[in-house]
$ cat coords-v7.pdb   # PDB, C-alpha atoms, pLDDT in the B column
ATOM      1  CA  MET J   1      20.472  17.927 -23.296  1.00 60.00           C
ATOM      2  CA  ALA J   2      21.662  21.183 -21.677  1.00 72.00           C
ATOM      3  CA  GLY J   3      20.013  21.849 -18.328  1.00 90.00           C
ATOM      4  CA  VAL J   4      18.128  18.549 -18.314  1.00 97.00           C
ATOM      5  CA  LEU J   5      17.823  16.304 -15.241  1.00 97.00           C
ATOM      6  CA  TYR J   6      17.634  12.638 -16.230  1.00 97.00           C
ATOM      7  CA  ALA J   7      15.935  10.280 -13.741  1.00 97.00           C
ATOM      8  CA  ILE J   8      17.816   7.012 -14.247  1.00 96.00           C
ATOM      9  CA  PRO J   9      16.405   3.669 -13.038  1.00 93.00           C
ATOM     10  CA  THR J  10      19.032   1.314 -11.658  1.00 91.00           C
ATOM     11  CA  PRO J  11      18.952  -2.495 -11.751  1.00 86.00           C
ATOM     12  CA  LEU J  12      17.065  -4.406  -9.102  1.00 82.00           C
ATOM     13  CA  GLY J  13      19.289  -7.406  -9.724  1.00 79.00           C
ATOM     14  CA  ALA J  14      20.222  -7.760 -13.367  1.00 75.00           C
ATOM     15  CA  SER J  15      23.106  -5.888 -14.977  1.00 85.00           C
ATOM     16  CA  PRO J  16      22.461  -2.447 -16.564  1.00 90.00           C
ATOM     17  CA  GLU J  17      22.695  -3.924 -20.067  1.00 89.00           C
ATOM     18  CA  GLU J  18      20.035  -6.509 -19.170  1.00 87.00           C
ATOM     19  CA  SER J  19      17.639  -4.085 -17.484  1.00 88.00           C
ATOM     20  CA  LEU J  20      18.032  -0.792 -19.386  1.00 92.00           C
ATOM     21  CA  PRO J  21      17.345  -0.133 -23.086  1.00 93.00           C
ATOM     22  CA  VAL J  22      20.222   0.954 -25.314  1.00 94.00           C
ATOM     23  CA  SER J  23      18.874   4.509 -25.531  1.00 94.00           C
ATOM     24  CA  ALA J  24      18.967   4.870 -21.735  1.00 94.00           C
ATOM     25  CA  LEU J  25      22.484   3.431 -21.534  1.00 95.00           C
ATOM     26  CA  LEU J  26      23.707   5.870 -24.192  1.00 95.00           C
ATOM     27  CA  THR J  27      22.255   8.767 -22.225  1.00 95.00           C
ATOM     28  CA  VAL J  28      23.894   7.583 -18.998  1.00 95.00           C
ATOM     29  CA  ARG J  29      27.251   7.258 -20.745  1.00 95.00           C
ATOM     30  CA  SER J  30      26.998  10.835 -22.033  1.00 95.00           C
ATOM     31  CA  LEU J  31      26.592  12.343 -18.544  1.00 96.00           C
ATOM     32  CA  ARG J  32      29.337  13.521 -16.210  1.00 96.00           C
ATOM     33  CA  ASP J  33      27.341  14.974 -13.287  1.00 97.00           C
ATOM     34  CA  PHE J  34      25.257  12.772 -10.990  1.00 97.00           C
ATOM     35  CA  ALA J  35      23.168  13.227  -7.847  1.00 97.00           C
ATOM     36  CA  VAL J  36      22.900   9.882  -6.077  1.00 95.00           C
ATOM     37  CA  GLU J  37      21.524   8.183  -2.984  1.00 91.00           C
ATOM     38  CA  ASN J  38      24.770   6.342  -2.283  1.00 91.00           C
ATOM     39  CA  ALA J  39      28.107   7.197  -3.911  1.00 93.00           C
ATOM     40  CA  LYS J  40      29.635   3.714  -3.600  1.00 93.00           C
ATOM     41  CA  SER J  41      26.778   1.872  -5.275  1.00 91.00           C
ATOM     42  CA  ALA J  42      26.463   4.657  -7.870  1.00 93.00           C
ATOM     43  CA  ARG J  43      30.089   4.162  -8.896  1.00 94.00           C
ATOM     44  CA  ALA J  44      29.499   0.425  -9.221  1.00 92.00           C
ATOM     45  CA  PHE J  45      26.439   1.042 -11.416  1.00 93.00           C
ATOM     46  CA  LEU J  46      28.243   3.548 -13.640  1.00 94.00           C
ATOM     47  CA  SER J  47      31.168   1.182 -14.116  1.00 94.00           C
ATOM     48  CA  ALA J  48      28.805  -1.674 -15.048  1.00 93.00           C
ATOM     49  CA  ALA J  49      26.939   0.650 -17.425  1.00 93.00           C
ATOM     50  CA  GLY J  50      30.106   1.391 -19.364  1.00 93.00           C
ATOM     51  CA  CYS J  51      31.082   4.696 -17.748  1.00 92.00           C
ATOM     52  CA  ASP J  52      34.330   5.616 -16.065  1.00 90.00           C
ATOM     53  CA  PRO J  53      33.288   6.685 -12.534  1.00 86.00           C
ATOM     54  CA  LYS J  54      36.654   8.437 -12.136  1.00 88.00           C
ATOM     55  CA  LEU J  55      35.541  10.947 -14.765  1.00 90.00           C
ATOM     56  CA  ALA J  56      32.170  11.557 -13.130  1.00 93.00           C
ATOM     57  CA  SER J  57      31.228  14.162 -10.550  1.00 95.00           C
ATOM     58  CA  ILE J  58      29.122  12.259  -8.002  1.00 96.00           C
ATOM     59  CA  HIS J  59      27.289  13.950  -5.121  1.00 95.00           C
ATOM     60  CA  GLU J  60      25.054  12.302  -2.519  1.00 94.00           C
ATOM     61  CA  ILE J  61      21.608  13.760  -1.865  1.00 95.00           C
ATOM     62  CA  GLY J  62      21.291  15.399   1.547  1.00 89.00           C
ATOM     63  CA  GLU J  63      18.879  17.758   3.259  1.00 85.00           C
ATOM     64  CA  ASP J  64      19.781  20.726   1.032  1.00 89.00           C
ATOM     65  CA  VAL J  65      19.471  19.695  -2.609  1.00 93.00           C
ATOM     66  CA  THR J  66      19.569  23.111  -4.248  1.00 94.00           C
ATOM     67  CA  ALA J  67      23.384  23.156  -4.498  1.00 94.00           C
ATOM     68  CA  LEU J  68      23.288  19.884  -6.456  1.00 96.00           C
ATOM     69  CA  LEU J  69      21.509  21.640  -9.326  1.00 96.00           C
ATOM     70  CA  GLN J  70      24.529  23.775 -10.211  1.00 96.00           C
ATOM     71  CA  PRO J  71      25.408  21.707 -13.312  1.00 96.00           C
ATOM     72  CA  LEU J  72      21.924  22.473 -14.678  1.00 97.00           C
ATOM     73  CA  ARG J  73      22.400  26.176 -13.964  1.00 96.00           C
ATOM     74  CA  ASP J  74      25.715  25.975 -15.837  1.00 96.00           C
ATOM     75  CA  GLY J  75      23.912  24.468 -18.831  1.00 95.00           C
ATOM     76  CA  ARG J  76      25.061  20.861 -18.361  1.00 96.00           C
ATOM     77  CA  PRO J  77      22.783  17.807 -18.150  1.00 96.00           C
ATOM     78  CA  MET J  78      22.916  15.626 -15.064  1.00 97.00           C
ATOM     79  CA  GLY J  79      21.643  12.270 -13.868  1.00 97.00           C
ATOM     80  CA  LEU J  80      19.702  11.232 -10.765  1.00 97.00           C
ATOM     81  CA  LEU J  81      20.380   7.731  -9.433  1.00 94.00           C
ATOM     82  CA  SER J  82      18.632   5.767  -6.682  1.00 88.00           C
ATOM     83  CA  GLU J  83      19.921   2.662  -4.913  1.00 86.00           C
ATOM     84  CA  ALA J  84      17.671   0.370  -6.947  1.00 85.00           C
ATOM     85  CA  GLY J  85      14.657   0.795  -9.185  1.00 88.00           C
ATOM     86  CA  CYS J  86      13.160   4.131 -10.168  1.00 92.00           C
ATOM     87  CA  PRO J  87      14.466   7.345  -8.604  1.00 93.00           C
ATOM     88  CA  ALA J  88      12.053   9.646  -6.737  1.00 93.00           C
ATOM     89  CA  ILE J  89       9.654   6.777  -5.910  1.00 91.00           C
ATOM     90  CA  ALA J  90       9.967   5.996  -2.191  1.00 87.00           C
ATOM     91  CA  ASP J  91      13.343   7.647  -2.673  1.00 88.00           C
ATOM     92  CA  PRO J  92      15.048  10.888  -1.529  1.00 91.00           C
ATOM     93  CA  GLY J  93      15.575  11.862  -5.170  1.00 93.00           C
ATOM     94  CA  ALA J  94      12.039  13.283  -5.177  1.00 95.00           C
ATOM     95  CA  LYS J  95      13.429  16.359  -3.403  1.00 95.00           C
ATOM     96  CA  LEU J  96      15.873  16.991  -6.223  1.00 96.00           C
ATOM     97  CA  VAL J  97      13.209  16.550  -8.910  1.00 97.00           C
ATOM     98  CA  ASP J  98      10.960  19.018  -7.076  1.00 97.00           C
ATOM     99  CA  ALA J  99      13.811  21.530  -6.811  1.00 96.00           C
ATOM    100  CA  ALA J 100      14.555  21.153 -10.529  1.00 97.00           C
ATOM    101  CA  HIS J 101      10.926  21.888 -11.415  1.00 96.00           C
ATOM    102  CA  ARG J 102      10.902  24.920  -9.125  1.00 96.00           C
ATOM    103  CA  GLU J 103      13.844  26.372 -11.047  1.00 95.00           C
ATOM    104  CA  GLY J 104      12.256  25.602 -14.405  1.00 95.00           C
ATOM    105  CA  PHE J 105      14.536  22.782 -15.526  1.00 96.00           C
ATOM    106  CA  ARG J 106      13.301  19.929 -17.667  1.00 96.00           C
ATOM    107  CA  VAL J 107      13.114  16.488 -16.003  1.00 97.00           C
ATOM    108  CA  VAL J 108      13.276  13.420 -18.257  1.00 97.00           C
ATOM    109  CA  PRO J 109      12.502   9.938 -16.842  1.00 97.00           C
ATOM    110  CA  LEU J 110      14.388   7.113 -18.546  1.00 96.00           C
ATOM    111  CA  VAL J 111      12.897   3.674 -19.089  1.00 92.00           C
ATOM    112  CA  GLY J 112      13.967   1.011 -16.609  1.00 90.00           C
ATOM    113  CA  PRO J 113      12.907  -1.405 -13.863  1.00 89.00           C
ATOM    114  CA  SER J 114      10.330  -0.593 -11.184  1.00 92.00           C
ATOM    115  CA  SER J 115       9.674  -3.251  -8.543  1.00 92.00           C
ATOM    116  CA  ILE J 116       6.250  -1.720  -7.902  1.00 95.00           C
ATOM    117  CA  VAL J 117       5.086  -2.076 -11.503  1.00 95.00           C
ATOM    118  CA  LEU J 118       6.741  -5.473 -11.974  1.00 95.00           C
ATOM    119  CA  ALA J 119       5.002  -6.796  -8.852  1.00 97.00           C
ATOM    120  CA  LEU J 120       1.619  -5.503 -10.016  1.00 98.00           C
ATOM    121  CA  MET J 121       2.140  -7.008 -13.479  1.00 98.00           C
ATOM    122  CA  ALA J 122       2.817 -10.437 -11.994  1.00 98.00           C
ATOM    123  CA  SER J 123       0.206 -10.337  -9.212  1.00 98.00           C
ATOM    124  CA  GLY J 124      -3.006 -10.932 -11.154  1.00 97.00           C
ATOM    125  CA  MET J 125      -4.645  -8.161  -9.129  1.00 98.00           C
ATOM    126  CA  GLU J 126      -6.643  -5.125 -10.274  1.00 97.00           C
ATOM    127  CA  GLY J 127      -4.393  -3.183 -12.642  1.00 96.00           C
ATOM    128  CA  GLN J 128      -6.674  -0.287 -13.587  1.00 97.00           C
ATOM    129  CA  ARG J 129      -7.085   1.026 -10.057  1.00 97.00           C
ATOM    130  CA  PHE J 130      -4.120   0.757  -7.711  1.00 98.00           C
ATOM    131  CA  ALA J 131      -2.258   2.835  -5.135  1.00 97.00           C
ATOM    132  CA  PHE J 132       1.340   2.751  -3.988  1.00 97.00           C
ATOM    133  CA  CYS J 133       1.325   3.413  -0.241  1.00 96.00           C
ATOM    134  CA  GLY J 134       5.069   3.444   0.471  1.00 94.00           C
ATOM    135  CA  TYR J 135       6.141   2.220   3.901  1.00 94.00           C
ATOM    136  CA  LEU J 136       3.588   1.381   6.602  1.00 95.00           C
ATOM    137  CA  PRO J 137       4.071   2.444  10.257  1.00 95.00           C
ATOM    138  CA  ARG J 138       6.753   0.622  12.259  1.00 93.00           C
ATOM    139  CA  GLU J 139       4.825   0.393  15.538  1.00 94.00           C
ATOM    140  CA  LYS J 140       2.654  -2.742  15.707  1.00 94.00           C
ATOM    141  CA  ALA J 141      -0.690  -1.156  16.636  1.00 95.00           C
ATOM    142  CA  GLU J 142      -0.328   1.668  14.107  1.00 97.00           C
ATOM    143  CA  ARG J 143       0.751  -0.766  11.406  1.00 96.00           C
ATOM    144  CA  GLU J 144      -2.281  -2.987  11.979  1.00 96.00           C
ATOM    145  CA  LYS J 145      -4.553   0.063  11.950  1.00 97.00           C
ATOM    146  CA  ARG J 146      -3.088   1.148   8.612  1.00 98.00           C
ATOM    147  CA  ILE J 147      -3.487  -2.354   7.155  1.00 98.00           C
ATOM    148  CA  ARG J 148      -7.189  -2.314   8.098  1.00 98.00           C
ATOM    149  CA  GLU J 149      -7.555   1.094   6.447  1.00 98.00           C
ATOM    150  CA  LEU J 150      -5.914  -0.099   3.233  1.00 98.00           C
ATOM    151  CA  GLU J 151      -7.968  -3.295   3.186  1.00 98.00           C
ATOM    152  CA  ALA J 152     -11.181  -1.282   3.610  1.00 98.00           C
ATOM    153  CA  ARG J 153     -10.116   1.112   0.856  1.00 98.00           C
ATOM    154  CA  SER J 154      -9.318  -1.788  -1.469  1.00 98.00           C
ATOM    155  CA  ARG J 155     -12.729  -3.310  -0.851  1.00 98.00           C
ATOM    156  CA  ARG J 156     -14.554   0.015  -1.209  1.00 97.00           C
ATOM    157  CA  GLU J 157     -12.749   1.229  -4.341  1.00 97.00           C
ATOM    158  CA  SER J 158     -11.926  -2.164  -5.960  1.00 97.00           C
ATOM    159  CA  GLU J 159      -8.320  -0.959  -5.824  1.00 98.00           C
ATOM    160  CA  THR J 160      -5.043  -2.850  -5.361  1.00 98.00           C
ATOM    161  CA  GLN J 161      -2.941  -1.522  -2.479  1.00 98.00           C
ATOM    162  CA  ILE J 162       0.850  -1.786  -2.897  1.00 98.00           C
ATOM    163  CA  PHE J 163       3.469  -1.196  -0.205  1.00 97.00           C
ATOM    164  CA  ILE J 164       7.036  -2.060   0.721  1.00 95.00           C
ATOM    165  CA  GLU J 165       9.025  -2.647   3.878  1.00 94.00           C
ATOM    166  CA  THR J 166      12.580  -2.363   5.121  1.00 91.00           C
ATOM    167  CA  PRO J 167      13.975  -5.881   4.478  1.00 91.00           C
ATOM    168  CA  TYR J 168      14.710  -6.729   8.118  1.00 93.00           C
ATOM    169  CA  ARG J 169      11.002  -6.118   8.931  1.00 94.00           C
ATOM    170  CA  ASN J 170       9.626  -8.236   6.068  1.00 96.00           C
ATOM    171  CA  ASP J 171       8.623 -11.188   8.233  1.00 95.00           C
ATOM    172  CA  ALA J 172       6.965  -8.914  10.786  1.00 95.00           C
ATOM    173  CA  MET J 173       4.983  -7.278   7.973  1.00 96.00           C
ATOM    174  CA  LEU J 174       3.853 -10.625   6.615  1.00 97.00           C
ATOM    175  CA  GLY J 175       2.820 -11.706  10.114  1.00 96.00           C
ATOM    176  CA  ALA J 176       0.800  -8.516  10.585  1.00 97.00           C
ATOM    177  CA  LEU J 177      -0.988  -9.022   7.268  1.00 98.00           C
ATOM    178  CA  LEU J 178      -1.891 -12.616   8.106  1.00 97.00           C
ATOM    179  CA  GLU J 179      -3.155 -11.623  11.549  1.00 97.00           C
ATOM    180  CA  THR J 180      -5.078  -8.523  10.448  1.00 97.00           C
ATOM    181  CA  CYS J 181      -6.614  -9.102   7.013  1.00 98.00           C
ATOM    182  CA  ALA J 182      -9.837 -10.978   6.323  1.00 98.00           C
ATOM    183  CA  PRO J 183      -9.438 -14.631   5.207  1.00 98.00           C
ATOM    184  CA  GLU J 184     -10.764 -13.903   1.693  1.00 98.00           C
ATOM    185  CA  THR J 185      -8.486 -10.906   1.035  1.00 98.00           C
ATOM    186  CA  ARG J 186      -5.859 -11.707  -1.574  1.00 98.00           C
ATOM    187  CA  LEU J 187      -2.198 -11.075  -0.812  1.00 98.00           C
ATOM    188  CA  CYS J 188       0.681 -11.074  -3.284  1.00 98.00           C
ATOM    189  CA  VAL J 189       4.262 -11.296  -2.055  1.00 98.00           C
ATOM    190  CA  ALA J 190       6.854 -10.455  -4.728  1.00 97.00           C
ATOM    191  CA  ILE J 191      10.436 -11.233  -3.673  1.00 96.00           C
ATOM    192  CA  ASP J 192      13.820 -10.646  -5.331  1.00 93.00           C
ATOM    193  CA  LEU J 193      12.333  -9.311  -8.552  1.00 92.00           C
ATOM    194  CA  THR J 194      14.681  -9.721 -11.572  1.00 89.00           C
ATOM    195  CA  LEU J 195      17.078 -11.850  -9.499  1.00 89.00           C
ATOM    196  CA  PRO J 196      17.634 -15.562 -10.265  1.00 88.00           C
ATOM    197  CA  ASP J 197      15.613 -16.661  -7.210  1.00 91.00           C
ATOM    198  CA  GLU J 198      12.700 -14.315  -7.942  1.00 93.00           C
ATOM    199  CA  SER J 199       9.394 -15.406  -6.415  1.00 95.00           C
ATOM    200  CA  VAL J 200       5.906 -13.973  -6.966  1.00 97.00           C
ATOM    201  CA  ALA J 201       2.895 -15.678  -5.345  1.00 97.00           C
ATOM    202  CA  THR J 202      -0.717 -14.537  -4.937  1.00 98.00           C
ATOM    203  CA  LYS J 203      -3.050 -16.364  -2.522  1.00 97.00           C
ATOM    204  CA  SER J 204      -5.900 -15.638  -0.170  1.00 98.00           C
ATOM    205  CA  ILE J 205      -4.973 -14.788   3.402  1.00 98.00           C
ATOM    206  CA  SER J 206      -6.467 -18.092   4.530  1.00 97.00           C
ATOM    207  CA  ALA J 207      -4.214 -19.971   2.104  1.00 97.00           C
ATOM    208  CA  TRP J 208      -1.124 -18.037   3.230  1.00 97.00           C
ATOM    209  CA  ARG J 209      -1.934 -18.925   6.836  1.00 97.00           C
ATOM    210  CA  ARG J 210      -1.686 -22.611   5.963  1.00 95.00           C
ATOM    211  CA  GLY J 211       1.833 -22.187   4.572  1.00 90.00           C
ATOM    212  CA  ARG J 212       3.611 -19.031   5.665  1.00 87.00           C
ATOM    213  CA  PRO J 213       7.029 -18.520   3.992  1.00 86.00           C
ATOM    214  CA  ALA J 214      10.086 -16.975   5.608  1.00 88.00           C
ATOM    215  CA  ILE J 215      11.038 -13.962   3.484  1.00 94.00           C
ATOM    216  CA  GLY J 216      14.013 -12.906   5.537  1.00 93.00           C
ATOM    217  CA  LYS J 217      15.899  -9.829   4.361  1.00 93.00           C
ATOM    218  CA  ARG J 218      15.219 -10.323   0.656  1.00 93.00           C
ATOM    219  CA  PRO J 219      13.742  -7.237  -1.091  1.00 93.00           C
ATOM    220  CA  ALA J 220       9.954  -7.646  -1.187  1.00 96.00           C
ATOM    221  CA  VAL J 221       6.815  -5.895  -2.413  1.00 97.00           C
ATOM    222  CA  PHE J 222       3.415  -6.567  -0.821  1.00 98.00           C
ATOM    223  CA  LEU J 223       0.053  -6.162  -2.566  1.00 98.00           C
ATOM    224  CA  ILE J 224      -3.455  -6.709  -1.206  1.00 98.00           C
ATOM    225  CA  GLU J 225      -6.841  -6.841  -2.903  1.00 98.00           C
ATOM    226  CA  ALA J 226      -9.980  -7.133  -0.795  1.00 97.00           C
ATOM    227  CA  ARG J 227     -13.276  -8.349  -2.220  1.00 88.00           C
TER     228      ARG J 227
END
$ encode --input "coords-v7.pdb" --output "structure tokens"
Amino acid sequence: MAGVLYAIPTPLGASPEESLPVSALLTVRSLRDFAVENAKSARAFLSAAGCDPKLASIHEIGEDVTALLQPLRDGRPMGLLSEAGCPAIADPGAKLVDAAHREGFRVVPLVGPSSIVLALMASGMEGQRFAFCGYLPREKAEREKRIRELEARSRRESETQIFIETPYRNDAMLGALLETCAPETRLCVAIDLTLPDESVATKSISAWRRGRPAIGKRPAVFLIEAR
């Protein structure tokens, strides 16, 4: 384990013991050094995972990540935690993983929840060819332009397009999709994955237009498949 960076998925809603395998939990409990997106939520996760956060050295990821790798240079393993889901995917932890590779350290991803994969699994859309596109532009015209590009790519490549949004812009994103996409394009909206009120629904754009839901600020993943 010396000099190894462990990429640790964190629960989307369920407790660590419900969402992580025993082997991953044992690894987390053996670590004392952590690079995290948010120290407060990291402490809560570690406590729920059976660790004593008071014994852990926890450092938030900033612009300069090279200093955070010192435990690896000293021969100690360390963990990388995101706010929720898999670290380094739409997450600042990617900078730390890149820095670890540049210095020749081993990076080990642990098994755990990914909202992107869970949404694709439940969508019924093309699962052999898909692309995660991260966040779309904030500005309305640019966002609609990007949606048209992704819809065209999906149609051309027979490829599912997956993207996410900051929760307070969820309803604006849904509105843009309903206004911009062709009626026959399929849209999946996956909300609150792994939480008790989880909802995953896949319909054509024309069907969504007849009954548009209010997502609000609930965590959501959007997928489109054009035919």
$ axis_aligned_box --input "coords-v7.pdb" --around "stretch 34-47 of chain J" --padding-each-side "5 Å" --output "lines of an AutoDock Vina configuration file"
center_x = 26.3
center_y = 6.8
center_z = -8.2
size_x = 19.6
size_y = 22.8
size_z = 21.8
$ atom_distance --input "coords-v7.pdb" --atom1 "atom CA of J:Cys181" --atom2 "atom CA of J:Met125"
16.3 Å
$ closest_residue --input "coords-v7.pdb" --among "J:Gly13, J:Pro109, J:Gly79, J:Pro167" --to "J:Leu195" --atoms "all atoms listed in the file"
J:Gly13
$ resolve_selection --input "coords-v7.pdb" --expression "the PyMOL selection byres ((chain J and resi 116) around 9)" --output "MDAnalysis selection string"
chainID J and resid 85 113:115 117:121 132 162:164 221
$ resolve_selection --input "coords-v7.pdb" --expression "the PyMOL selection byres ((chain J and resi 5) around 8)" --output "list in words"
Gly3, Val4, Tyr6, Ala7, Leu72, Pro77, Met78, Gly79, Leu80, Val97, Ala100, Phe105, Arg106, Val107 and Val108 of chain J
$ closest_residue --input "coords-v7.pdb" --among "J:Ala214, J:Ala207, J:Ala201, J:Ala182" --to "J:Arg227" --atoms "only C-alpha atoms"
J:Ala182
$ closest_residue --input "coords-v7.pdb" --among "J:Asp192, J:Glu179, J:Asp171, J:Glu126" --to "J:Arg148" --atoms "only C-alpha atoms"
J:Glu179
$ residues_around --input "coords-v7.pdb" --residues "stretch 31-44 of chain J" --least-positions-apart "2" --cutoff "10 Å" --atoms "all atoms listed in the file" --output "count of residues only"
46
